[in-house]
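Trainee: What follows is the file protein25.csv, containing CSV, C-alpha atoms:
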chain,number,residue,atom,x,y,z
A,1,MET,CA,10.8,-22.3,-2.7
A,2,LYS,CA,13.1,-19.6,-4.0
A,3,THR,CA,10.2,-17.3,-4.7
A,4,THR,CA,9.1,-17.6,-1.1
A,5,THR,CA,12.6,-17.0,0.2
A,6,ILE,CA,13.0,-13.9,-2.0
A,7,ALA,CA,9.6,-12.5,-0.9
A,8,LEU,CA,10.5,-13.0,2.7
A,9,TRP,CA,13.8,-11.2,2.4
A,10,ILE,CA,12.1,-8.3,0.5
A,11,PHE,CA,9.5,-8.0,3.3
A,12,CYS,CA,12.1,-8.1,6.0
A,13,GLY,CA,14.1,-5.4,4.1
A,14,MET,CA,11.0,-3.2,3.8
A,15,ALA,CA,10.1,-3.7,7.5
A,16,GLY,CA,13.7,-2.8,8.4
A,17,LEU,CA,13.6,0.4,6.4
A,18,LEU,CA,10.3,1.4,7.8
A,19,ALA,CA,11.5,0.7,11.4
A,20,GLY,CA,14.5,2.9,10.9
A,21,CYS,CA,12.5,6.0,9.8
A,22,GLY,CA,11.5,8.4,12.6
A,23,GLY,CA,8.4,10.7,12.7
A,24,ASN,CA,6.4,8.5,10.5
A,25,TYR,CA,2.9,7.0,10.9
A,26,TYR,CA,1.9,3.5,9.9
A,27,LYS,CA,-1.2,1.5,9.5
A,28,VAL,CA,-0.5,-2.3,9.9
A,29,ASN,CA,-3.0,-4.9,8.6
A,30,ALA,CA,-2.9,-8.5,9.8
A,31,PRO,CA,-3.7,-10.4,6.6
A,32,ALA,CA,-5.3,-13.4,8.5
A,33,GLY,CA,-8.0,-11.1,10.0
A,34,GLU,CA,-9.7,-7.8,9.6
A,35,LYS,CA,-7.7,-6.2,12.4
A,36,GLN,CA,-5.9,-2.9,11.7
A,37,TYR,CA,-3.3,-1.3,14.0
A,38,TYR,CA,-1.8,2.2,14.1
A,39,THR,CA,1.7,2.9,15.2
A,40,LYS,CA,4.7,5.3,15.0
A,41,ASP,CA,7.4,2.7,15.5
A,42,ILE,CA,8.0,-0.8,14.1
A,43,LYS,CA,10.7,-3.1,15.2
A,44,GLN,CA,11.7,-6.3,13.5
A,45,THR,CA,12.6,-9.4,15.5
A,46,ARG,CA,15.3,-11.9,14.7
A,47,ALA,CA,12.7,-14.4,13.5
A,48,GLY,CA,11.4,-11.9,11.0
A,49,ALA,CA,8.2,-10.9,12.8
A,50,ILE,CA,7.4,-7.2,13.6
A,51,THR,CA,6.6,-5.8,17.0
A,52,PHE,CA,5.0,-2.5,17.7
A,53,LYS,CA,2.7,-0.6,20.2
A,54,ASP,CA,-0.8,-0.2,18.8
A,55,GLU,CA,-1.6,3.5,19.6
A,56,LYS,CA,-5.3,2.8,19.4
A,57,SER,CA,-5.5,0.1,22.1
A,58,GLY,CA,-2.1,0.6,23.9
A,59,SER,CA,-1.3,-3.0,23.4
A,60,VAL,CA,2.1,-4.3,22.3
A,61,VAL,CA,1.5,-6.5,19.2
A,62,THR,CA,3.8,-9.0,17.4
A,63,LEU,CA,2.8,-10.2,13.9
A,64,GLN,CA,4.6,-12.9,11.8
A,65,SER,CA,2.9,-11.7,8.6
A,66,SER,CA,1.5,-8.2,8.0
A,67,GLU,CA,1.0,-5.4,5.5
A,68,ILE,CA,2.5,-2.1,6.4
A,69,LYS,CA,1.4,1.2,4.9
A,70,GLU,CA,2.8,4.7,5.7
A,71,ILE,CA,0.0,7.1,6.4
A,72,SER,CA,-0.3,10.9,7.0
A,73,LYS,CA,-0.3,12.4,10.4
A,74,ASP,CA,-3.9,13.5,10.0
A,75,GLU,CA,-5.1,10.0,9.0
A,76,PHE,CA,-3.2,8.6,12.0
A,77,LYS,CA,-4.7,11.1,14.5
A,78,SER,CA,-8.2,10.5,13.1
A,79,ALA,CA,-7.8,6.7,13.4
A,80,VAL,CA,-6.5,6.7,17.0
A,81,LYS,CA,-8.6,9.4,18.6
A,82,PRO,CA,-10.9,8.0,21.3
A,83,GLU,CA,-14.5,7.3,20.2
A,84,GLU,CA,-17.0,9.7,21.6
A,85,ASN,CA,-19.8,8.3,23.6
A,86,PRO,CA,-23.1,10.1,22.8
A,87,ALA,CA,-25.1,11.4,25.7
A,88,ASN,CA,-28.1,9.4,26.6
Would you write the structure of this file as structure tokens?
Mentor:
Amino acid sequence: MKTTTIALWIFCGMAGLLAGCGGNYYKVNAPAGEKQYYTKDIKQTRAGAITFKDEKSGSVVTLQSSEIKEISKDEFKSAVKPEENPAN
């Protein structure tokens, strides 16, 4: 039980630090699925979840559990650029 509580507080602290940094780019993974999100801003809710706008889809996303990784501007732009439709 204590290990879970400590892990939760560490995660919340990391998310809080990441949310406070400006000009950064993040890749957020939802551990329950294969979904990846890309954002420039992460906010932490009172319940410990994170909320952000997915730059690829434009949707506002809230995740209770996630993995957050800081990425380069080039990697971010490459990931969120619209897919090109080849001419038929």
Trainee: For A:Tyr37, which of A:Glu83, A:Glu75, A:Glu70, A:Asp54 is the closest residue, counting only C-alpha atoms?
Mentor: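 So, comparing all the options, the nearest one is A:Asp54.
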Trainee: Please identify all polymer residues within 8 Å of A:Ile50, counting all atoms listed in the file, omitting same-chain residues fewer than 6 positions from it, and present them as a list of chain:residue names.
Mentor: A:Ala15, A:Ile42, A:Lys43, A:Gln44, A:Thr62, A:Leu63, A:Gln64
Trainee: In terms of the shortest atom-to-atom distance over all atoms listed in the file, which of A:Pro82, A:Asp41, A:Lys69, A:Glu34 is closest to A:Ser57?
Mentor: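 For A:Ser57, the nearest of the candidates is A:Pro82.
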Trainee: Figure out the distance between atom CA of A:Gly48 and atom CA of A:Lys27, please, to one decimal in Å.
Mentor: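 Going from atom CA of A:Lys27 over to atom CA of A:Gly48 covers 18.5 Å.
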Trainee: Can you measure atom CA of A:Asp74 to atom CA of A:Ala49 for me? One decimal in Å is fine.
Mentor: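 We find that atom CA of A:Asp74 and atom CA of A:Ala49 lie 27.4 Å from each other.
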Trainee: Can you pull out every residue within 12 Å of A:Lys73, counting all atoms listed in the file, but drop anything in the same chain fewer than 6 positions away, and send it as a PyMOL selection string?
Mentor: chain A and resi 23-27+38-40+79-80
Trainee: For the atom pair atom CA of A:Arg46 and atom CA of A:Val28, what is the interatomic distance in Å to one decimal place?
Mentor: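 Separation of atom CA of A:Arg46 and atom CA of A:Val28: 19.1 Å.
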Trainee: Using only C-alpha atoms, which residues sit within 6 Å of A:Ser66 once same-chain residues fewer than 3 positions away are excluded, as a compact mmCIF listing (two decimals) with C-alpha atoms, in the coordinates of the input?
Mentor:
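Once written, part06.txt looks like this:
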# COMPACT_ATOMS: atom_id res chain seq x y z
CA ASN A 29 -3.00 -4.90 8.60
CA ALA A 30 -2.90 -8.50 9.80
CA PRO A 31 -3.70 -10.40 6.60
Trainee: Which residue is closest to A:Lys35? Choose from A:Lys81, A:Lys56, A:Ile71, A:Phe76 and count all atoms listed in the file.
Mentor: A:Lys56
